[in-house]
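I have placed the structure first, in the form of structure tokens, so that the comments after it can refer back to it.
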Amino acid sequence: MDMTAARKAMVDSQVRVNDVTDRALQAALLAVPREKFCAPGREFSAYAEVEVEIAAGRSLMEVREVAKMLQFAVPRDGETALAIAGPYAAAVLARMGLKVTAQEADPAVFDVVGAVLQEQGVETVVGPLTHPHVGEWDLIVSEGGVATRPDAWLDALKPGGRAVFVERDGRVGRAVLYVRGEQGLSRRELFDAAPPVLDALRPAPAFAL
């Protein structure tokens with residue numbers, strides 16, 4: 001399979017047609033080898049319009065959704081970004097000139113994607129997804145859904161920082177953009193999306209007598 005041709009077809013048929021017009025973002029998507037983020041034996045599906053397994057319980061977000069979220073986030077060359085359960089997004093942002101850290105709770109994810117992230121200049125850290133890696137970030141992104149707003153993620157943003165991810169407490173969720181301003185946080189709903197909810201970001205079951 002010609003992965004370079006498949007990557008171009010993906011950008012033409014899944015990204016550009018969904019109003020992703022940022023040329024730097026398009027160029028990054030054309031450069032990042034998405035097949036290297038797939039579980040062994042699943043590389044053939046890297047460029048299809050599906051969520052592809054990375055490791056047990058984790059999958060890549062569909063590329064059109066990643067691209068749309070990143071375009072709304074307006075990443076800038078030289079900014080710092082934290083990709084929480086978002087390794088493909090991490091590599092794309094690094095290609096756009098950001099200093100990126102990818103955070104995972106399960107080292108098995110890095111067993112699959114660690115080498116390609118290193119190739120793309122992305123730092124990797126292992127830690128609970130509920131607690132962002134120490135630092136203040138210009139941008140936080142996740143390819144997994146969250147059932148409730150992760151305030152710890154938003155607290156880790158610098159003034160002017162943005163966080164983009166999918167809030168999902170039902171069959172379909174909404175991609176949202178948070179921006180930390182001088183007066184607090186603003187929230188903007190972007191589009192429908194339904195990535196699997198990250199187990200760590202599900203609320204604990206409540207019991208009542």
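Naming works like this for the structure tokens: A, B, ... for the chains as they're shown, residue 1 at the start of each chain, ligands 1 onward in shown order.
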
Neighbours of Gln183 (chain A) within 10 Å (only C-alpha atoms; same-chain residues fewer than 3 positions away dropped), as number ranges by chain? A: 159, 180, 186

Could you pull out the helix (DSSP H, G or I) residues of region 13-100 of chain A from DSSP and send them as a ChimeraX atom specification? /A:13-18,23-31,34-37,43-45,63-73,87-95

Long-range neighbours of region 20-32 of chain A as a compact mmCIF listing (two decimals) with all heavy atoms, in the first residue's frame, 9 Å cut-off, only C-alpha atoms, 2 positions minimum in chain:
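Below you can see around_32.txt, which holds the result:
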```txt
# COMPACT_ATOMS: atom_id res chain seq x y z
N THR A 4 2.01 7.20 1.27
CA THR A 4 2.07 8.62 0.92
C THR A 4 0.84 9.02 0.11
O THR A 4 0.22 10.06 0.36
CB THR A 4 3.35 8.93 0.14
OG1 THR A 4 4.47 8.60 0.95
CG2 THR A 4 3.41 10.40 -0.24
N ARG A 7 -2.18 9.02 2.36
CA ARG A 7 -2.20 10.20 3.22
C ARG A 7 -2.74 11.41 2.46
O ARG A 7 -3.54 12.20 2.99
CB ARG A 7 -0.78 10.45 3.73
CG ARG A 7 -0.69 11.28 5.00
CD ARG A 7 0.75 11.32 5.49
NE ARG A 7 1.24 9.96 5.71
CZ ARG A 7 2.40 9.50 5.26
NH1 ARG A 7 3.20 10.28 4.55
NH2 ARG A 7 2.76 8.26 5.51
N LYS A 8 -2.31 11.57 1.23
CA LYS A 8 -2.81 12.69 0.42
C LYS A 8 -4.31 12.55 0.16
O LYS A 8 -5.07 13.52 0.25
CB LYS A 8 -2.06 12.78 -0.91
CG LYS A 8 -2.49 13.98 -1.76
CD LYS A 8 -1.70 14.07 -3.04
CE LYS A 8 -2.05 15.35 -3.80
NZ LYS A 8 -3.50 15.47 -4.08
N MET A 10 -6.42 11.05 2.06
CA MET A 10 -7.09 11.36 3.33
C MET A 10 -7.27 12.86 3.51
O MET A 10 -8.37 13.33 3.86
CB MET A 10 -6.26 10.80 4.49
CG MET A 10 -6.79 11.13 5.87
SD MET A 10 -5.59 10.78 7.20
CE MET A 10 -4.39 12.13 6.95
N VAL A 11 -6.21 13.62 3.27
CA VAL A 11 -6.31 15.07 3.45
C VAL A 11 -7.29 15.67 2.44
O VAL A 11 -8.10 16.54 2.78
CB VAL A 11 -4.91 15.71 3.33
CG1 VAL A 11 -5.01 17.24 3.30
CG2 VAL A 11 -4.04 15.27 4.50
N VAL A 15 -10.27 16.00 5.11
CA VAL A 15 -9.85 17.20 5.82
C VAL A 15 -10.29 18.46 5.09
O VAL A 15 -11.05 19.27 5.62
CB VAL A 15 -8.32 17.18 6.03
CG1 VAL A 15 -7.85 18.49 6.67
CG2 VAL A 15 -7.93 15.99 6.91
N ARG A 16 -9.83 18.63 3.85
CA ARG A 16 -10.15 19.85 3.12
C ARG A 16 -11.65 20.02 2.93
O ARG A 16 -12.18 21.13 3.02
CB ARG A 16 -9.45 19.86 1.76
CG ARG A 16 -7.93 20.01 1.85
CD ARG A 16 -7.31 20.28 0.50
NE ARG A 16 -5.89 20.59 0.60
CZ ARG A 16 -4.92 19.76 0.29
NH1 ARG A 16 -5.20 18.54 -0.17
NH2 ARG A 16 -3.65 20.10 0.42
N VAL A 17 -12.36 18.93 2.68
CA VAL A 17 -13.81 19.02 2.43
C VAL A 17 -14.58 19.34 3.71
O VAL A 17 -15.78 19.63 3.65
CB VAL A 17 -14.34 17.73 1.80
CG1 VAL A 17 -13.73 17.50 0.44
CG2 VAL A 17 -14.12 16.53 2.71
N ASN A 18 -13.94 19.26 4.86
CA ASN A 18 -14.58 19.61 6.13
C ASN A 18 -14.14 20.98 6.63
O ASN A 18 -14.09 21.24 7.84
CB ASN A 18 -14.29 18.53 7.18
CG ASN A 18 -15.20 17.33 7.01
OD1 ASN A 18 -16.39 17.39 7.32
ND2 ASN A 18 -14.66 16.22 6.50
N ARG A 34 0.54 8.49 9.82
CA ARG A 34 -0.52 8.04 10.71
C ARG A 34 -0.49 6.52 10.91
O ARG A 34 -0.88 6.02 11.97
CB ARG A 34 -1.88 8.48 10.14
CG ARG A 34 -3.09 8.20 11.04
CD ARG A 34 -4.32 8.88 10.47
NE ARG A 34 -5.56 8.44 11.05
CZ ARG A 34 -6.13 8.96 12.13
NH1 ARG A 34 -5.52 9.96 12.75
NH2 ARG A 34 -7.27 8.51 12.60
N GLU A 35 0.00 5.78 9.92
CA GLU A 35 0.03 4.33 10.03
C GLU A 35 0.92 3.86 11.19
O GLU A 35 0.71 2.77 11.75
CB GLU A 35 0.51 3.69 8.72
CG GLU A 35 1.95 3.94 8.34
CD GLU A 35 2.19 5.25 7.60
OE1 GLU A 35 1.25 6.08 7.51
OE2 GLU A 35 3.32 5.44 7.10
N LYS A 36 1.88 4.70 11.61
CA LYS A 36 2.77 4.32 12.70
C LYS A 36 2.14 4.48 14.07
O LYS A 36 2.76 4.14 15.09
CB LYS A 36 4.07 5.12 12.62
CG LYS A 36 4.92 4.78 11.39
CD LYS A 36 6.25 5.49 11.42
CE LYS A 36 7.10 5.13 10.21
NZ LYS A 36 8.43 5.80 10.24
N VAL A 63 -9.50 11.44 11.68
CA VAL A 63 -8.61 12.54 11.33
C VAL A 63 -9.37 13.83 11.09
O VAL A 63 -8.88 14.92 11.42
CB VAL A 63 -7.74 12.17 10.11
CG1 VAL A 63 -8.56 12.11 8.84
CG2 VAL A 63 -6.58 13.14 9.97
N ARG A 64 -10.57 13.77 10.53
CA ARG A 64 -11.30 15.02 10.29
C ARG A 64 -11.61 15.74 11.60
O ARG A 64 -11.62 16.97 11.65
CB ARG A 64 -12.57 14.77 9.49
CG ARG A 64 -13.67 14.03 10.21
CD ARG A 64 -14.95 13.98 9.38
NE ARG A 64 -16.01 13.28 10.08
CZ ARG A 64 -16.20 11.97 10.04
NH1 ARG A 64 -15.40 11.22 9.29
NH2 ARG A 64 -17.18 11.40 10.72
N ALA A 67 -8.35 17.28 12.96
CA ALA A 67 -8.00 18.45 12.17
C ALA A 67 -8.89 19.64 12.51
O ALA A 67 -8.41 20.78 12.65
CB ALA A 67 -8.10 18.13 10.68
N LYS A 68 -10.19 19.40 12.64
CA LYS A 68 -11.10 20.50 12.96
C LYS A 68 -10.82 21.07 14.34
O LYS A 68 -10.80 22.29 14.53
CB LYS A 68 -12.55 20.01 12.85
CG LYS A 68 -12.99 19.75 11.41
CD LYS A 68 -14.30 19.01 11.33
CE LYS A 68 -15.49 19.82 11.80
NZ LYS A 68 -16.77 19.11 11.61
N LEU A 70 -7.96 21.06 15.98
CA LEU A 70 -6.70 21.80 15.97
C LEU A 70 -6.84 23.13 15.25
O LEU A 70 -6.25 24.14 15.66
CB LEU A 70 -5.60 20.96 15.35
CG LEU A 70 -5.19 19.70 16.13
CD1 LEU A 70 -4.01 19.02 15.45
CD2 LEU A 70 -4.88 20.01 17.58
N GLN A 71 -7.62 23.17 14.19
CA GLN A 71 -7.82 24.44 13.50
C GLN A 71 -8.52 25.45 14.41
O GLN A 71 -8.12 26.63 14.47
CB GLN A 71 -8.61 24.25 12.21
CG GLN A 71 -8.85 25.56 11.46
CD GLN A 71 -9.33 25.34 10.04
OE1 GLN A 71 -8.54 25.36 9.11
NE2 GLN A 71 -10.63 25.13 9.86
N PRO A 75 -3.16 26.72 16.78
CA PRO A 75 -1.80 26.51 17.29
C PRO A 75 -0.81 27.43 16.63
O PRO A 75 -0.91 27.73 15.44
CB PRO A 75 -1.52 25.04 16.95
CG PRO A 75 -2.47 24.71 15.84
CD PRO A 75 -3.67 25.56 16.03
N TYR A 88 -1.43 11.18 18.11
CA TYR A 88 -1.39 11.64 16.73
C TYR A 88 -1.47 13.17 16.68
O TYR A 88 -0.70 13.82 15.96
CB TYR A 88 -2.54 11.02 15.94
CG TYR A 88 -2.62 11.47 14.50
CD1 TYR A 88 -1.64 11.14 13.58
CD2 TYR A 88 -3.70 12.25 14.06
CE1 TYR A 88 -1.72 11.56 12.26
CE2 TYR A 88 -3.79 12.67 12.74
CZ TYR A 88 -2.80 12.33 11.84
OH TYR A 88 -2.87 12.75 10.53
N ALA A 91 1.92 14.67 17.42
CA ALA A 91 2.86 14.68 16.30
C ALA A 91 2.52 15.77 15.29
O ALA A 91 3.41 16.44 14.74
CB ALA A 91 2.88 13.32 15.62
N VAL A 92 1.23 15.97 15.03
CA VAL A 92 0.81 17.01 14.09
C VAL A 92 1.22 18.38 14.62
O VAL A 92 1.75 19.23 13.88
CB VAL A 92 -0.70 16.92 13.84
CG1 VAL A 92 -1.18 18.12 13.01
CG2 VAL A 92 -1.05 15.62 13.13
N LEU A 93 0.97 18.62 15.91
CA LEU A 93 1.34 19.91 16.49
C LEU A 93 2.85 20.13 16.45
O LEU A 93 3.33 21.25 16.21
CB LEU A 93 0.83 19.99 17.93
CG LEU A 93 -0.69 20.14 18.07
CD1 LEU A 93 -1.10 19.94 19.53
CD2 LEU A 93 -1.16 21.50 17.57
N ALA A 94 3.62 19.06 16.69
CA ALA A 94 5.07 19.20 16.63
C ALA A 94 5.51 19.58 15.22
O ALA A 94 6.43 20.40 15.04
CB ALA A 94 5.74 17.90 17.07
N ARG A 95 4.87 19.01 14.22
CA ARG A 95 5.17 19.37 12.83
C ARG A 95 4.86 20.83 12.54
O ARG A 95 5.45 21.43 11.63
CB ARG A 95 4.36 18.48 11.88
CG ARG A 95 5.00 17.13 11.62
CD ARG A 95 6.12 17.28 10.60
NE ARG A 95 6.79 16.02 10.34
CZ ARG A 95 7.68 15.84 9.37
NH1 ARG A 95 7.99 16.85 8.57
NH2 ARG A 95 8.26 14.69 9.20
N MET A 96 3.93 21.40 13.31
CA MET A 96 3.56 22.80 13.12
C MET A 96 4.47 23.74 13.90
O MET A 96 4.23 24.95 13.91
CB MET A 96 2.10 23.00 13.50
CG MET A 96 1.12 22.24 12.63
SD MET A 96 -0.61 22.48 13.12
CE MET A 96 -0.89 24.17 12.52
N GLN A 120 9.27 12.51 15.70
CA GLN A 120 8.61 13.79 15.45
C GLN A 120 9.00 14.87 16.47
O GLN A 120 8.50 15.99 16.41
CB GLN A 120 7.09 13.60 15.47
CG GLN A 120 6.57 12.63 14.42
CD GLN A 120 6.86 13.07 13.01
OE1 GLN A 120 6.76 14.25 12.67
NE2 GLN A 120 7.23 12.12 12.14
```

Pick out the closest residue to Val122 (chain A) from this set: A:Pro203, A:Pro87, A:Gly161, A:Gly145. Count only C-alpha atoms.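 Among the listed residues, the smallest separation from Val122 (chain A) belongs to A:Pro87.
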
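The smallest atom-to-atom distance between Gly121 (chain A) and any of A:Met1, A:Leu177, A:Val100, A:Ala73, using only C-alpha atoms, is found for A:Val100.
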
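Using only C-alpha atoms for every distance, the candidate list A:Val116, A:Ala108, A:Ala193, A:Ala5 yields A:Ala193 as the residue closest to Gly173 (chain A).
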
Please provide as a list in words all residues within 9 Å of Phe110 (chain A), with the sequence filter that same-chain residues fewer than 5 positions apart are discarded (counting only C-alpha atoms).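 The filter keeps Pro87, Glu104, Ala115, Leu117, Thr124 and Val126 of chain A.
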
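Residue nearest His133 (chain A) within the list A:Ala81, A:Leu98, A:Ala9, A:Val164: A:Ala81 [criterion: smallest interatomic distance, only C-alpha atoms].
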
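Here CA of Tyr178 (chain A) is placed at a distance of 7.7 Å from CA of Leu154 (chain A).
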
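From CA of Ser142 (chain A) back to CA of Val50 (chain A), the distance works out to 17.0 Å.
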
Leaving out Arg174 (chain A) and any residue of its chain fewer than 6 positions from it, which residues lie within 7 Å of it when counting only C-alpha atoms, given as a ChimeraX atom specification? /A:166-168,189-193

Residues from last step as file, N, CA, C and O atoms, as a compact mmCIF listing (two decimals), in the first residue's frame:
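Output contents, as saved in result-v6.txt:
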```
# COMPACT_ATOMS: atom_id res chain seq x y z
N VAL A 166 -13.46 16.67 23.42
CA VAL A 166 -14.87 16.34 23.24
C VAL A 166 -15.50 16.02 24.58
O VAL A 166 -15.02 15.15 25.31
N GLU A 167 -16.56 16.76 24.90
CA GLU A 167 -17.36 16.45 26.09
C GLU A 167 -18.51 15.54 25.65
O GLU A 167 -19.29 15.89 24.76
N ARG A 168 -18.57 14.37 26.27
CA ARG A 168 -19.56 13.38 25.84
C ARG A 168 -20.15 12.66 27.05
O ARG A 168 -19.46 11.93 27.74
N GLU A 189 -18.84 25.77 21.91
CA GLU A 189 -19.13 24.47 21.30
C GLU A 189 -18.80 24.53 19.82
O GLU A 189 -19.10 25.53 19.14
N LEU A 190 -18.19 23.44 19.30
CA LEU A 190 -17.67 23.46 17.94
C LEU A 190 -18.44 22.58 16.98
O LEU A 190 -18.95 23.06 15.97
N PHE A 191 -18.53 21.28 17.25
CA PHE A 191 -19.20 20.35 16.32
C PHE A 191 -19.47 19.04 17.06
O PHE A 191 -18.89 18.77 18.12
N ASP A 192 -20.36 18.23 16.49
CA ASP A 192 -20.66 16.92 17.07
C ASP A 192 -19.50 15.96 16.84
O ASP A 192 -18.87 15.96 15.78
N ALA A 193 -19.24 15.12 17.84
CA ALA A 193 -18.21 14.09 17.72
C ALA A 193 -18.51 13.02 18.77
O ALA A 193 -19.15 13.30 19.79
```

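Interatomic distance, CA of Ala175 (chain A) to CA of Gly57 (chain A): 20.6 Å.
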
Residue contacts of Asp111 (chain A) (10 Å, only C-alpha atoms) excluding same-chain residues fewer than 6 positions away, as a list in words: Ala39, Ile54 and Ala55 of chain A

Those selected residues, please, written with all heavy atoms and delivered as a PDB file, in the first residue's frame.
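Final output, saved to result_17.pdb:
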```pdb
ATOM      1  N   ALA A  39      -2.163  -0.002  16.060  1.00  0.00           N
ATOM      2  CA  ALA A  39      -1.737  -1.272  16.621  1.00  0.00           C
ATOM      3  C   ALA A  39      -1.150  -2.146  15.518  1.00  0.00           C
ATOM      4  O   ALA A  39      -1.560  -2.057  14.349  1.00  0.00           O
ATOM      5  CB  ALA A  39      -2.933  -1.973  17.272  1.00  0.00           C
ATOM      6  N   ILE A  54      -5.082   1.713  18.885  1.00  0.00           N
ATOM      7  CA  ILE A  54      -3.661   1.880  19.189  1.00  0.00           C
ATOM      8  C   ILE A  54      -3.211   0.733  20.081  1.00  0.00           C
ATOM      9  O   ILE A  54      -2.256   0.025  19.806  1.00  0.00           O
ATOM     10  CB  ILE A  54      -3.391   3.214  19.913  1.00  0.00           C
ATOM     11  CG1 ILE A  54      -3.924   4.409  19.130  1.00  0.00           C
ATOM     12  CG2 ILE A  54      -1.891   3.368  20.184  1.00  0.00           C
ATOM     13  CD1 ILE A  54      -3.871   5.719  19.901  1.00  0.00           C
ATOM     14  N   ALA A  55      -3.898   0.573  21.199  1.00  0.00           N
ATOM     15  CA  ALA A  55      -3.646  -0.484  22.171  1.00  0.00           C
ATOM     16  C   ALA A  55      -4.986  -0.771  22.838  1.00  0.00           C
ATOM     17  O   ALA A  55      -5.988  -0.091  22.568  1.00  0.00           O
ATOM     18  CB  ALA A  55      -2.595  -0.056  23.187  1.00  0.00           C
TER      19      ALA A  55
END
```

A:Glu123, A:Glu49, A:Asp155, A:Asp106: which is nearest Asp138 (chain A), counting only C-alpha atoms? A:Asp155

Mind checking which residues fall within 8 Å of region 148-153 of chain A, counting only C-alpha atoms, ignoring those fewer than 6 positions away in the same chain, and posting them as a PyMOL selection string? chain A and resi 130-132+140+163+167-169+201-203

Expected file contents, prior selection, all heavy atoms, as a PDB file, in the first residue's frame:
```
ATOM      1  N   THR A 130      -6.014  12.241  34.618  1.00  0.00           N
ATOM      2  CA  THR A 130      -6.754  13.247  35.384  1.00  0.00           C
ATOM      3  C   THR A 130      -5.856  14.376  35.866  1.00  0.00           C
ATOM      4  O   THR A 130      -6.362  15.433  36.271  1.00  0.00           O
ATOM      5  CB  THR A 130      -7.430  12.593  36.597  1.00  0.00           C
ATOM      6  OG1 THR A 130      -6.448  11.821  37.312  1.00  0.00           O
ATOM      7  CG2 THR A 130      -8.571  11.683  36.156  1.00  0.00           C
ATOM      8  N   HIS A 131      -4.532  14.176  35.818  1.00  0.00           N
ATOM      9  CA  HIS A 131      -3.600  15.179  36.325  1.00  0.00           C
ATOM     10  C   HIS A 131      -2.590  15.532  35.238  1.00  0.00           C
ATOM     11  O   HIS A 131      -1.689  14.739  34.944  1.00  0.00           O
ATOM     12  CB  HIS A 131      -2.878  14.653  37.569  1.00  0.00           C
ATOM     13  CG  HIS A 131      -3.789  14.452  38.743  1.00  0.00           C
ATOM     14  ND1 HIS A 131      -4.579  13.336  38.891  1.00  0.00           N
ATOM     15  CD2 HIS A 131      -4.050  15.246  39.806  1.00  0.00           C
ATOM     16  CE1 HIS A 131      -5.268  13.436  40.002  1.00  0.00           C
ATOM     17  NE2 HIS A 131      -4.987  14.578  40.569  1.00  0.00           N
ATOM     18  N   PRO A 132      -2.730  16.693  34.612  1.00  0.00           N
ATOM     19  CA  PRO A 132      -1.804  17.070  33.540  1.00  0.00           C
ATOM     20  C   PRO A 132      -0.361  17.122  34.026  1.00  0.00           C
ATOM     21  O   PRO A 132      -0.093  17.448  35.194  1.00  0.00           O
ATOM     22  CB  PRO A 132      -2.282  18.464  33.118  1.00  0.00           C
ATOM     23  CG  PRO A 132      -3.672  18.576  33.632  1.00  0.00           C
ATOM     24  CD  PRO A 132      -3.735  17.737  34.863  1.00  0.00           C
ATOM     25  N   ILE A 140      -3.826  22.574  25.272  1.00  0.00           N
ATOM     26  CA  ILE A 140      -4.059  21.201  25.727  1.00  0.00           C
ATOM     27  C   ILE A 140      -5.082  20.585  24.783  1.00  0.00           C
ATOM     28  O   ILE A 140      -6.116  21.203  24.489  1.00  0.00           O
ATOM     29  CB  ILE A 140      -4.544  21.144  27.179  1.00  0.00           C
ATOM     30  CG1 ILE A 140      -3.435  21.607  28.139  1.00  0.00           C
ATOM     31  CG2 ILE A 140      -5.000  19.735  27.553  1.00  0.00           C
ATOM     32  CD1 ILE A 140      -3.853  21.669  29.596  1.00  0.00           C
ATOM     33  N   ALA A 163      -7.836  24.969  25.415  1.00  0.00           N
ATOM     34  CA  ALA A 163      -7.984  23.518  25.544  1.00  0.00           C
ATOM     35  C   ALA A 163      -9.100  23.081  24.622  1.00  0.00           C
ATOM     36  O   ALA A 163     -10.168  23.720  24.566  1.00  0.00           O
ATOM     37  CB  ALA A 163      -8.306  23.123  26.983  1.00  0.00           C
ATOM     38  N   GLU A 167     -16.561  16.756  24.904  1.00  0.00           N
ATOM     39  CA  GLU A 167     -17.361  16.452  26.090  1.00  0.00           C
ATOM     40  C   GLU A 167     -18.507  15.539  25.651  1.00  0.00           C
ATOM     41  O   GLU A 167     -19.289  15.889  24.764  1.00  0.00           O
ATOM     42  CB  GLU A 167     -17.917  17.731  26.707  1.00  0.00           C
ATOM     43  CG  GLU A 167     -16.827  18.630  27.277  1.00  0.00           C
ATOM     44  CD  GLU A 167     -17.386  19.909  27.880  1.00  0.00           C
ATOM     45  OE1 GLU A 167     -18.550  20.266  27.585  1.00  0.00           O
ATOM     46  OE2 GLU A 167     -16.645  20.577  28.638  1.00  0.00           O
ATOM     47  N   ARG A 168     -18.575  14.370  26.273  1.00  0.00           N
ATOM     48  CA  ARG A 168     -19.563  13.381  25.845  1.00  0.00           C
ATOM     49  C   ARG A 168     -20.154  12.656  27.050  1.00  0.00           C
ATOM     50  O   ARG A 168     -19.459  11.929  27.745  1.00  0.00           O
ATOM     51  CB  ARG A 168     -18.922  12.367  24.895  1.00  0.00           C
ATOM     52  CG  ARG A 168     -19.882  11.311  24.398  1.00  0.00           C
ATOM     53  CD  ARG A 168     -19.193  10.305  23.495  1.00  0.00           C
ATOM     54  NE  ARG A 168     -20.125   9.262  23.094  1.00  0.00           N
ATOM     55  CZ  ARG A 168     -19.796   8.148  22.435  1.00  0.00           C
ATOM     56  NH1 ARG A 168     -18.524   7.951  22.088  1.00  0.00           N
ATOM     57  NH2 ARG A 168     -20.706   7.253  22.136  1.00  0.00           N
ATOM     58  N   ASP A 169     -21.444  12.860  27.279  1.00  0.00           N
ATOM     59  CA  ASP A 169     -22.124  12.126  28.351  1.00  0.00           C
ATOM     60  C   ASP A 169     -23.313  11.332  27.822  1.00  0.00           C
ATOM     61  O   ASP A 169     -24.168  10.882  28.568  1.00  0.00           O
ATOM     62  CB  ASP A 169     -22.582  13.061  29.469  1.00  0.00           C
ATOM     63  CG  ASP A 169     -23.572  14.117  28.986  1.00  0.00           C
ATOM     64  OD1 ASP A 169     -23.933  14.101  27.791  1.00  0.00           O
ATOM     65  OD2 ASP A 169     -23.975  14.957  29.802  1.00  0.00           O
ATOM     66  N   LEU A 201     -11.626   9.501  32.818  1.00  0.00           N
ATOM     67  CA  LEU A 201     -12.413  10.733  32.843  1.00  0.00           C
ATOM     68  C   LEU A 201     -13.897  10.457  32.975  1.00  0.00           C
ATOM     69  O   LEU A 201     -14.732  11.335  32.728  1.00  0.00           O
ATOM     70  CB  LEU A 201     -12.131  11.571  31.594  1.00  0.00           C
ATOM     71  CG  LEU A 201     -10.895  12.490  31.630  1.00  0.00           C
ATOM     72  CD1 LEU A 201     -11.035  13.541  32.702  1.00  0.00           C
ATOM     73  CD2 LEU A 201      -9.611  11.712  31.801  1.00  0.00           C
ATOM     74  N   ARG A 202     -14.258   9.255  33.379  1.00  0.00           N
ATOM     75  CA  ARG A 202     -15.649   8.947  33.698  1.00  0.00           C
ATOM     76  C   ARG A 202     -15.886   9.237  35.184  1.00  0.00           C
ATOM     77  O   ARG A 202     -15.029   8.933  36.020  1.00  0.00           O
ATOM     78  CB  ARG A 202     -15.962   7.469  33.426  1.00  0.00           C
ATOM     79  CG  ARG A 202     -15.898   7.061  31.969  1.00  0.00           C
ATOM     80  CD  ARG A 202     -16.257   5.601  31.817  1.00  0.00           C
ATOM     81  NE  ARG A 202     -16.050   5.118  30.471  1.00  0.00           N
ATOM     82  CZ  ARG A 202     -16.951   5.208  29.495  1.00  0.00           C
ATOM     83  NH1 ARG A 202     -18.127   5.782  29.743  1.00  0.00           N
ATOM     84  NH2 ARG A 202     -16.701   4.743  28.296  1.00  0.00           N
ATOM     85  N   PRO A 203     -17.050   9.793  35.554  1.00  0.00           N
ATOM     86  CA  PRO A 203     -17.317  10.018  36.973  1.00  0.00           C
ATOM     87  C   PRO A 203     -17.474   8.695  37.708  1.00  0.00           C
ATOM     88  O   PRO A 203     -17.926   7.703  37.135  1.00  0.00           O
ATOM     89  CB  PRO A 203     -18.624  10.821  36.965  1.00  0.00           C
ATOM     90  CG  PRO A 203     -19.266  10.497  35.654  1.00  0.00           C
ATOM     91  CD  PRO A 203     -18.150  10.245  34.682  1.00  0.00           C
TER      92      PRO A 203
END
```
